[in-house]
Amino acid sequence: GIMRNSFLISSGRNNSTPLGELTVLAKVPLVHYAWSYGTDNTGNYDLGWIPYNLRIYPHIYIHYAPWHNNFGHPMSHGCVNVNLANIQWLYAWAREGIPVVVQP
């Protein structure tokens, strides 16, 4: 019941971040963020191996996003993007099973 920290995040574009009462399902040190929609598709991406990942839904994480600095605006495919200093704090503080509330 005590606020420990507060910072801007970037959620998913087009309301793609799941809302509601979730849980940190796993702390994952490194995740390779890449997706292919097919050969030569302009939506394909490979963002490399990213540290500090908190899985809150299958294939949805709270994670560091070094590819942008536009926090406070929807930017992702559904994940919750955080800058480096804040994700380092959050990753160290959080534990598996801790509640996460995602709200509009």
# chains A, B, ... in the order shown; residues from 1 in each chain; ligands from 1
>>> closest_atom_pairs(of="segment 42-71 of chain A", to="segment 85-89 of chain A", cutoff="10 Å", atoms="only C-alpha atoms", output="tab-separated table")
residue	atom	partner	partner_atom	distance
A:Pro51	CA	A:Gln88	CA	9.1
A:Tyr52	CA	A:Ile87	CA	6.5
A:Asn53	CA	A:Ile87	CA	8.3
A:Leu54	CA	A:Ile87	CA	9.3
A:Ile62	CA	A:Ile87	CA	8.1
A:His63	CA	A:Ile87	CA	6.5
A:Tyr64	CA	A:Ile87	CA	5.9
A:Ala65	CA	A:Ile87	CA	9.2
>>> residues_around(residues="segment 12-25 of chain A", least_positions_apart="2", cutoff="7 Å", atoms="only C-alpha atoms", output="list in words")
Ser10, Leu54, Arg55, Ile56, Pro74, Met75, Ser76, His77, Gly78, Cys79, Val80, Glu96, Gly97, Ile98, Pro99, Val100, Val101, Val102 and Gln103 of chain A
>>> write_last_selection(atoms="all heavy atoms", output="short mmCIF file (atom, residue, chain, number, x, y, z; two decimals), in the first residue's frame")
data_model
loop_
_atom_site.label_atom_id
_atom_site.label_comp_id
_atom_site.auth_asym_id
_atom_site.auth_seq_id
_atom_site.Cartn_x
_atom_site.Cartn_y
_atom_site.Cartn_z
N SER A 10 5.70 2.95 -21.79
CA SER A 10 4.99 2.91 -23.07
C SER A 10 4.30 1.56 -23.17
O SER A 10 4.95 0.52 -23.07
CB SER A 10 5.96 3.09 -24.25
OG SER A 10 6.44 4.40 -24.27
N LEU A 54 10.18 -8.90 -17.13
CA LEU A 54 9.21 -9.44 -16.19
C LEU A 54 8.01 -9.92 -17.01
O LEU A 54 7.27 -9.10 -17.57
CB LEU A 54 8.78 -8.37 -15.19
CG LEU A 54 9.90 -7.77 -14.33
CD1 LEU A 54 9.38 -6.56 -13.55
CD2 LEU A 54 10.49 -8.81 -13.40
N ARG A 55 7.83 -11.24 -17.10
CA ARG A 55 6.69 -11.77 -17.87
C ARG A 55 5.42 -11.63 -17.05
O ARG A 55 5.34 -12.09 -15.91
CB ARG A 55 6.92 -13.23 -18.27
CG ARG A 55 5.84 -13.71 -19.23
CD ARG A 55 6.11 -15.05 -19.87
NE ARG A 55 6.26 -16.09 -18.87
CZ ARG A 55 7.31 -16.90 -18.80
NH1 ARG A 55 8.30 -16.80 -19.63
NH2 ARG A 55 7.35 -17.82 -17.86
N ILE A 56 4.41 -10.97 -17.64
CA ILE A 56 3.13 -10.75 -16.95
C ILE A 56 1.96 -11.42 -17.66
O ILE A 56 0.84 -11.41 -17.16
CB ILE A 56 2.84 -9.23 -16.78
CG1 ILE A 56 2.82 -8.52 -18.12
CG2 ILE A 56 3.84 -8.62 -15.81
CD1 ILE A 56 2.32 -7.08 -18.06
N PRO A 74 1.88 5.15 -26.29
CA PRO A 74 1.86 3.76 -26.77
C PRO A 74 2.90 3.57 -27.88
O PRO A 74 2.96 4.37 -28.82
CB PRO A 74 0.45 3.59 -27.32
CG PRO A 74 -0.37 4.62 -26.60
CD PRO A 74 0.57 5.79 -26.40
N MET A 75 3.72 2.52 -27.76
CA MET A 75 4.80 2.30 -28.72
C MET A 75 4.98 0.83 -29.10
O MET A 75 5.59 0.53 -30.10
CB MET A 75 6.14 2.78 -28.13
CG MET A 75 6.26 4.25 -27.92
SD MET A 75 6.40 5.20 -29.43
CE MET A 75 7.94 4.59 -30.09
N SER A 76 4.49 -0.09 -28.28
CA SER A 76 4.88 -1.49 -28.42
C SER A 76 3.84 -2.34 -29.14
O SER A 76 2.78 -1.87 -29.54
CB SER A 76 5.16 -2.09 -27.04
OG SER A 76 3.95 -2.40 -26.38
N HIS A 77 4.18 -3.63 -29.26
CA HIS A 77 3.26 -4.62 -29.82
C HIS A 77 2.39 -5.23 -28.71
O HIS A 77 1.64 -6.16 -28.96
CB HIS A 77 4.04 -5.73 -30.52
CG HIS A 77 4.76 -5.27 -31.74
ND1 HIS A 77 6.08 -4.88 -31.71
CD2 HIS A 77 4.34 -5.11 -33.01
CE1 HIS A 77 6.44 -4.52 -32.93
NE2 HIS A 77 5.41 -4.64 -33.73
N GLY A 78 2.51 -4.72 -27.48
CA GLY A 78 1.71 -5.20 -26.35
C GLY A 78 2.46 -5.22 -25.04
O GLY A 78 1.86 -5.22 -23.97
N CYS A 79 3.78 -5.23 -25.11
CA CYS A 79 4.59 -5.20 -23.89
C CYS A 79 4.56 -3.82 -23.26
O CYS A 79 4.13 -2.84 -23.87
CB CYS A 79 6.04 -5.57 -24.20
SG CYS A 79 6.27 -7.32 -24.63
N VAL A 80 5.04 -3.76 -22.01
CA VAL A 80 5.18 -2.50 -21.29
C VAL A 80 6.65 -2.13 -21.36
O VAL A 80 7.50 -2.82 -20.81
CB VAL A 80 4.70 -2.63 -19.83
CG1 VAL A 80 4.94 -1.34 -19.08
CG2 VAL A 80 3.23 -3.03 -19.79
N GLU A 96 8.72 -12.93 -8.44
CA GLU A 96 7.69 -13.74 -9.07
C GLU A 96 6.50 -13.83 -8.13
O GLU A 96 6.66 -13.95 -6.92
CB GLU A 96 8.22 -15.13 -9.40
CG GLU A 96 9.21 -15.11 -10.54
CD GLU A 96 9.67 -16.51 -10.94
OE1 GLU A 96 9.03 -17.51 -10.55
OE2 GLU A 96 10.68 -16.59 -11.66
N GLY A 97 5.31 -13.70 -8.70
CA GLY A 97 4.07 -13.77 -7.93
C GLY A 97 3.55 -12.44 -7.46
O GLY A 97 2.41 -12.36 -6.99
N ILE A 98 4.33 -11.36 -7.60
CA ILE A 98 3.87 -10.05 -7.15
C ILE A 98 2.75 -9.56 -8.08
O ILE A 98 2.82 -9.75 -9.30
CB ILE A 98 5.02 -9.04 -7.06
CG1 ILE A 98 4.62 -7.82 -6.23
CG2 ILE A 98 5.51 -8.62 -8.43
CD1 ILE A 98 5.79 -6.93 -5.84
N PRO A 99 1.69 -8.97 -7.53
CA PRO A 99 0.60 -8.49 -8.39
C PRO A 99 1.05 -7.30 -9.26
O PRO A 99 1.86 -6.47 -8.85
CB PRO A 99 -0.47 -8.02 -7.40
CG PRO A 99 -0.06 -8.52 -6.06
CD PRO A 99 1.39 -8.81 -6.11
N VAL A 100 0.48 -7.25 -10.45
CA VAL A 100 0.67 -6.15 -11.38
C VAL A 100 -0.71 -5.74 -11.87
O VAL A 100 -1.47 -6.58 -12.35
CB VAL A 100 1.53 -6.58 -12.59
CG1 VAL A 100 1.62 -5.46 -13.61
CG2 VAL A 100 2.91 -7.03 -12.15
N VAL A 101 -1.04 -4.47 -11.72
CA VAL A 101 -2.33 -3.98 -12.21
C VAL A 101 -2.05 -3.11 -13.42
O VAL A 101 -1.33 -2.12 -13.33
CB VAL A 101 -3.08 -3.18 -11.12
CG1 VAL A 101 -4.39 -2.63 -11.68
CG2 VAL A 101 -3.34 -4.04 -9.89
N VAL A 102 -2.63 -3.49 -14.55
CA VAL A 102 -2.49 -2.72 -15.79
C VAL A 102 -3.86 -2.08 -16.05
O VAL A 102 -4.87 -2.79 -16.19
CB VAL A 102 -2.08 -3.62 -16.98
CG1 VAL A 102 -1.94 -2.79 -18.24
CG2 VAL A 102 -0.79 -4.37 -16.66
N GLN A 103 -3.85 -0.76 -16.09
CA GLN A 103 -5.12 -0.05 -16.27
C GLN A 103 -4.94 1.07 -17.27
O GLN A 103 -3.82 1.55 -17.48
CB GLN A 103 -5.63 0.49 -14.94
CG GLN A 103 -4.67 1.42 -14.23
CD GLN A 103 -5.13 1.74 -12.82
OE1 GLN A 103 -5.83 0.95 -12.18
NE2 GLN A 103 -4.72 2.88 -12.33
#
>>> select_by_dssp(residues="segment 7-91 of chain A", states="alpha helix (DSSP H)", output="list in words")
Leu84, Ala85, Asn86, Ile87, Gln88, Trp89, Leu90 and Tyr91 of chain A
>>> write_last_selection(atoms="all heavy atoms", output="PDB file, in the first residue's frame")
ATOM      1  N   LEU A  84      16.000   2.346 -19.051  1.00  0.00           N
ATOM      2  CA  LEU A  84      16.986   1.496 -18.386  1.00  0.00           C
ATOM      3  C   LEU A  84      17.015   1.676 -16.870  1.00  0.00           C
ATOM      4  O   LEU A  84      16.958   0.694 -16.122  1.00  0.00           O
ATOM      5  CB  LEU A  84      18.379   1.740 -18.976  1.00  0.00           C
ATOM      6  CG  LEU A  84      19.491   0.880 -18.388  1.00  0.00           C
ATOM      7  CD1 LEU A  84      19.210  -0.601 -18.550  1.00  0.00           C
ATOM      8  CD2 LEU A  84      20.828   1.249 -19.011  1.00  0.00           C
ATOM      9  N   ALA A  85      17.105   2.900 -16.400  1.00  0.00           N
ATOM     10  CA  ALA A  85      17.193   3.119 -14.949  1.00  0.00           C
ATOM     11  C   ALA A  85      15.977   2.558 -14.221  1.00  0.00           C
ATOM     12  O   ALA A  85      16.105   1.920 -13.164  1.00  0.00           O
ATOM     13  CB  ALA A  85      17.356   4.605 -14.652  1.00  0.00           C
ATOM     14  N   ASN A  86      14.789   2.758 -14.776  1.00  0.00           N
ATOM     15  CA  ASN A  86      13.573   2.302 -14.105  1.00  0.00           C
ATOM     16  C   ASN A  86      13.390   0.792 -14.179  1.00  0.00           C
ATOM     17  O   ASN A  86      12.927   0.178 -13.218  1.00  0.00           O
ATOM     18  CB  ASN A  86      12.356   3.038 -14.649  1.00  0.00           C
ATOM     19  CG  ASN A  86      12.354   4.491 -14.219  1.00  0.00           C
ATOM     20  OD1 ASN A  86      12.646   4.800 -13.070  1.00  0.00           O
ATOM     21  ND2 ASN A  86      12.067   5.389 -15.131  1.00  0.00           N
ATOM     22  N   ILE A  87      13.745   0.161 -15.299  1.00  0.00           N
ATOM     23  CA  ILE A  87      13.600  -1.296 -15.356  1.00  0.00           C
ATOM     24  C   ILE A  87      14.626  -1.971 -14.454  1.00  0.00           C
ATOM     25  O   ILE A  87      14.349  -3.011 -13.860  1.00  0.00           O
ATOM     26  CB  ILE A  87      13.641  -1.844 -16.800  1.00  0.00           C
ATOM     27  CG1 ILE A  87      13.119  -3.296 -16.834  1.00  0.00           C
ATOM     28  CG2 ILE A  87      15.038  -1.783 -17.378  1.00  0.00           C
ATOM     29  CD1 ILE A  87      11.712  -3.495 -16.389  1.00  0.00           C
ATOM     30  N   GLN A  88      15.819  -1.383 -14.323  1.00  0.00           N
ATOM     31  CA  GLN A  88      16.802  -1.959 -13.398  1.00  0.00           C
ATOM     32  C   GLN A  88      16.261  -1.931 -11.969  1.00  0.00           C
ATOM     33  O   GLN A  88      16.372  -2.914 -11.234  1.00  0.00           O
ATOM     34  CB  GLN A  88      18.127  -1.205 -13.484  1.00  0.00           C
ATOM     35  CG  GLN A  88      18.890  -1.508 -14.746  1.00  0.00           C
ATOM     36  CD  GLN A  88      20.125  -0.645 -14.902  1.00  0.00           C
ATOM     37  OE1 GLN A  88      20.148   0.529 -14.527  1.00  0.00           O
ATOM     38  NE2 GLN A  88      21.165  -1.217 -15.491  1.00  0.00           N
ATOM     39  N   TRP A  89      15.663  -0.819 -11.568  1.00  0.00           N
ATOM     40  CA  TRP A  89      15.067  -0.719 -10.242  1.00  0.00           C
ATOM     41  C   TRP A  89      13.922  -1.716 -10.093  1.00  0.00           C
ATOM     42  O   TRP A  89      13.846  -2.466  -9.104  1.00  0.00           O
ATOM     43  CB  TRP A  89      14.561   0.706  -9.983  1.00  0.00           C
ATOM     44  CG  TRP A  89      13.949   0.821  -8.621  1.00  0.00           C
ATOM     45  CD1 TRP A  89      14.598   1.137  -7.472  1.00  0.00           C
ATOM     46  CD2 TRP A  89      12.579   0.591  -8.280  1.00  0.00           C
ATOM     47  NE1 TRP A  89      13.705   1.105  -6.421  1.00  0.00           N
ATOM     48  CE2 TRP A  89      12.471   0.771  -6.886  1.00  0.00           C
ATOM     49  CE3 TRP A  89      11.452   0.234  -9.004  1.00  0.00           C
ATOM     50  CZ2 TRP A  89      11.254   0.619  -6.203  1.00  0.00           C
ATOM     51  CZ3 TRP A  89      10.242   0.076  -8.338  1.00  0.00           C
ATOM     52  CH2 TRP A  89      10.158   0.276  -6.951  1.00  0.00           C
ATOM     53  N   LEU A  90      13.020  -1.739 -11.075  1.00  0.00           N
ATOM     54  CA  LEU A  90      11.845  -2.597 -11.007  1.00  0.00           C
ATOM     55  C   LEU A  90      12.227  -4.075 -10.991  1.00  0.00           C
ATOM     56  O   LEU A  90      11.687  -4.858 -10.207  1.00  0.00           O
ATOM     57  CB  LEU A  90      10.918  -2.295 -12.194  1.00  0.00           C
ATOM     58  CG  LEU A  90       9.569  -2.987 -12.194  1.00  0.00           C
ATOM     59  CD1 LEU A  90       8.767  -2.609 -10.958  1.00  0.00           C
ATOM     60  CD2 LEU A  90       8.809  -2.619 -13.464  1.00  0.00           C
ATOM     61  N   TYR A  91      13.174  -4.459 -11.828  1.00  0.00           N
ATOM     62  CA  TYR A  91      13.608  -5.861 -11.903  1.00  0.00           C
ATOM     63  C   TYR A  91      14.219  -6.300 -10.571  1.00  0.00           C
ATOM     64  O   TYR A  91      13.966  -7.414 -10.110  1.00  0.00           O
ATOM     65  CB  TYR A  91      14.603  -6.031 -13.049  1.00  0.00           C
ATOM     66  CG  TYR A  91      14.899  -7.467 -13.387  1.00  0.00           C
ATOM     67  CD1 TYR A  91      14.067  -8.194 -14.233  1.00  0.00           C
ATOM     68  CD2 TYR A  91      16.030  -8.104 -12.870  1.00  0.00           C
ATOM     69  CE1 TYR A  91      14.345  -9.507 -14.546  1.00  0.00           C
ATOM     70  CE2 TYR A  91      16.311  -9.420 -13.186  1.00  0.00           C
ATOM     71  CZ  TYR A  91      15.463 -10.121 -14.023  1.00  0.00           C
ATOM     72  OH  TYR A  91      15.737 -11.439 -14.335  1.00  0.00           O
TER      73      TYR A  91
END
>>> select_by_dssp(residues="chain A", states="strand (DSSP E)", output="PyMOL selection string")
chain A and resi 20-23+26-35+45-57+60-64+80-82+99-102
>>> residues_around(residues="Trp35 of chain A", least_positions_apart="4", cutoff="8 Å", atoms="only C-alpha atoms", output="JSON, numbers by chain")
{"A": [44, 45, 46]}
>>> residues_around(residues="Leu8 of chain A", least_positions_apart="4", cutoff="10 Å", atoms="only C-alpha atoms", output="list in words")
Asn70, Phe71, Gly72, His73, Asn81, Val82, Asn83 and Asn86 of chain A
>>> atom_distance(atom1="atom CA of Pro66 of chain A", atom2="atom CA of Leu47 of chain A")
9.0 Å
>>> atom_distance(atom1="atom CA of Val31 of chain A", atom2="atom CA of Ala92 of chain A")
16.7 Å
>>> atom_distance(atom1="atom CA of Leu30 of chain A", atom2="atom CA of Asn5 of chain A")
23.4 Å
>>> closest_residue(among="A:Met3, A:Lys27, A:Tyr33, A:Ser11", to="Gly48 of chain A", atoms="only C-alpha atoms")
A:Tyr33
>>> decode(residues="segment 66-81 of chain A", atoms="N, CA, C and O atoms", output="PDB file, in the first residue's frame")
ATOM      1  N   PRO A  66      15.500  -0.125 -25.364  1.00  0.00           N
ATOM      2  CA  PRO A  66      16.558   0.809 -25.778  1.00  0.00           C
ATOM      3  C   PRO A  66      16.320   1.447 -27.138  1.00  0.00           C
ATOM      4  O   PRO A  66      17.026   2.381 -27.506  1.00  0.00           O
ATOM      5  N   TRP A  67      15.328   0.998 -27.885  1.00  0.00           N
ATOM      6  CA  TRP A  67      15.105   1.485 -29.246  1.00  0.00           C
ATOM      7  C   TRP A  67      14.260   2.753 -29.301  1.00  0.00           C
ATOM      8  O   TRP A  67      14.078   3.315 -30.377  1.00  0.00           O
ATOM      9  N   HIS A  68      13.761   3.231 -28.166  1.00  0.00           N
ATOM     10  CA  HIS A  68      13.030   4.503 -28.188  1.00  0.00           C
ATOM     11  C   HIS A  68      13.137   5.199 -26.840  1.00  0.00           C
ATOM     12  O   HIS A  68      13.529   4.610 -25.847  1.00  0.00           O
ATOM     13  N   ASN A  69      12.788   6.473 -26.836  1.00  0.00           N
ATOM     14  CA  ASN A  69      12.749   7.278 -25.615  1.00  0.00           C
ATOM     15  C   ASN A  69      11.453   8.093 -25.599  1.00  0.00           C
ATOM     16  O   ASN A  69      11.448   9.255 -25.236  1.00  0.00           O
ATOM     17  N   ASN A  70      10.376   7.441 -26.013  1.00  0.00           N
ATOM     18  CA  ASN A  70       9.082   8.101 -26.141  1.00  0.00           C
ATOM     19  C   ASN A  70       8.119   7.593 -25.066  1.00  0.00           C
ATOM     20  O   ASN A  70       6.957   7.300 -25.350  1.00  0.00           O
ATOM     21  N   PHE A  71       8.624   7.456 -23.845  1.00  0.00           N
ATOM     22  CA  PHE A  71       7.810   6.927 -22.758  1.00  0.00           C
ATOM     23  C   PHE A  71       6.679   7.887 -22.441  1.00  0.00           C
ATOM     24  O   PHE A  71       6.823   9.091 -22.538  1.00  0.00           O
ATOM     25  N   GLY A  72       5.537   7.315 -22.104  1.00  0.00           N
ATOM     26  CA  GLY A  72       4.333   8.094 -21.891  1.00  0.00           C
ATOM     27  C   GLY A  72       3.382   8.001 -23.074  1.00  0.00           C
ATOM     28  O   GLY A  72       2.280   8.536 -23.017  1.00  0.00           O
ATOM     29  N   HIS A  73       3.813   7.296 -24.125  1.00  0.00           N
ATOM     30  CA  HIS A  73       2.996   7.132 -25.335  1.00  0.00           C
ATOM     31  C   HIS A  73       3.008   5.666 -25.760  1.00  0.00           C
ATOM     32  O   HIS A  73       4.035   4.999 -25.647  1.00  0.00           O
ATOM     33  N   PRO A  74       1.883   5.145 -26.286  1.00  0.00           N
ATOM     34  CA  PRO A  74       1.863   3.765 -26.775  1.00  0.00           C
ATOM     35  C   PRO A  74       2.904   3.572 -27.885  1.00  0.00           C
ATOM     36  O   PRO A  74       2.965   4.373 -28.816  1.00  0.00           O
ATOM     37  N   MET A  75       3.716   2.521 -27.756  1.00  0.00           N
ATOM     38  CA  MET A  75       4.803   2.297 -28.721  1.00  0.00           C
ATOM     39  C   MET A  75       4.976   0.827 -29.100  1.00  0.00           C
ATOM     40  O   MET A  75       5.586   0.528 -30.104  1.00  0.00           O
ATOM     41  N   SER A  76       4.488  -0.093 -28.281  1.00  0.00           N
ATOM     42  CA  SER A  76       4.879  -1.489 -28.422  1.00  0.00           C
ATOM     43  C   SER A  76       3.842  -2.337 -29.144  1.00  0.00           C
ATOM     44  O   SER A  76       2.784  -1.865 -29.542  1.00  0.00           O
ATOM     45  N   HIS A  77       4.181  -3.629 -29.262  1.00  0.00           N
ATOM     46  CA  HIS A  77       3.256  -4.624 -29.817  1.00  0.00           C
ATOM     47  C   HIS A  77       2.387  -5.226 -28.710  1.00  0.00           C
ATOM     48  O   HIS A  77       1.639  -6.161 -28.960  1.00  0.00           O
ATOM     49  N   GLY A  78       2.511  -4.720 -27.479  1.00  0.00           N
ATOM     50  CA  GLY A  78       1.713  -5.204 -26.354  1.00  0.00           C
ATOM     51  C   GLY A  78       2.461  -5.217 -25.043  1.00  0.00           C
ATOM     52  O   GLY A  78       1.857  -5.223 -23.974  1.00  0.00           O
ATOM     53  N   CYS A  79       3.782  -5.232 -25.112  1.00  0.00           N
ATOM     54  CA  CYS A  79       4.588  -5.204 -23.888  1.00  0.00           C
ATOM     55  C   CYS A  79       4.556  -3.819 -23.257  1.00  0.00           C
ATOM     56  O   CYS A  79       4.133  -2.845 -23.872  1.00  0.00           O
ATOM     57  N   VAL A  80       5.036  -3.763 -22.013  1.00  0.00           N
ATOM     58  CA  VAL A  80       5.176  -2.500 -21.295  1.00  0.00           C
ATOM     59  C   VAL A  80       6.655  -2.127 -21.360  1.00  0.00           C
ATOM     60  O   VAL A  80       7.496  -2.823 -20.810  1.00  0.00           O
ATOM     61  N   ASN A  81       6.975  -1.063 -22.077  1.00  0.00           N
ATOM     62  CA  ASN A  81       8.358  -0.599 -22.256  1.00  0.00           C
ATOM     63  C   ASN A  81       8.739   0.364 -21.137  1.00  0.00           C
ATOM     64  O   ASN A  81       7.950   1.230 -20.753  1.00  0.00           O
TER      65      ASN A  81
END
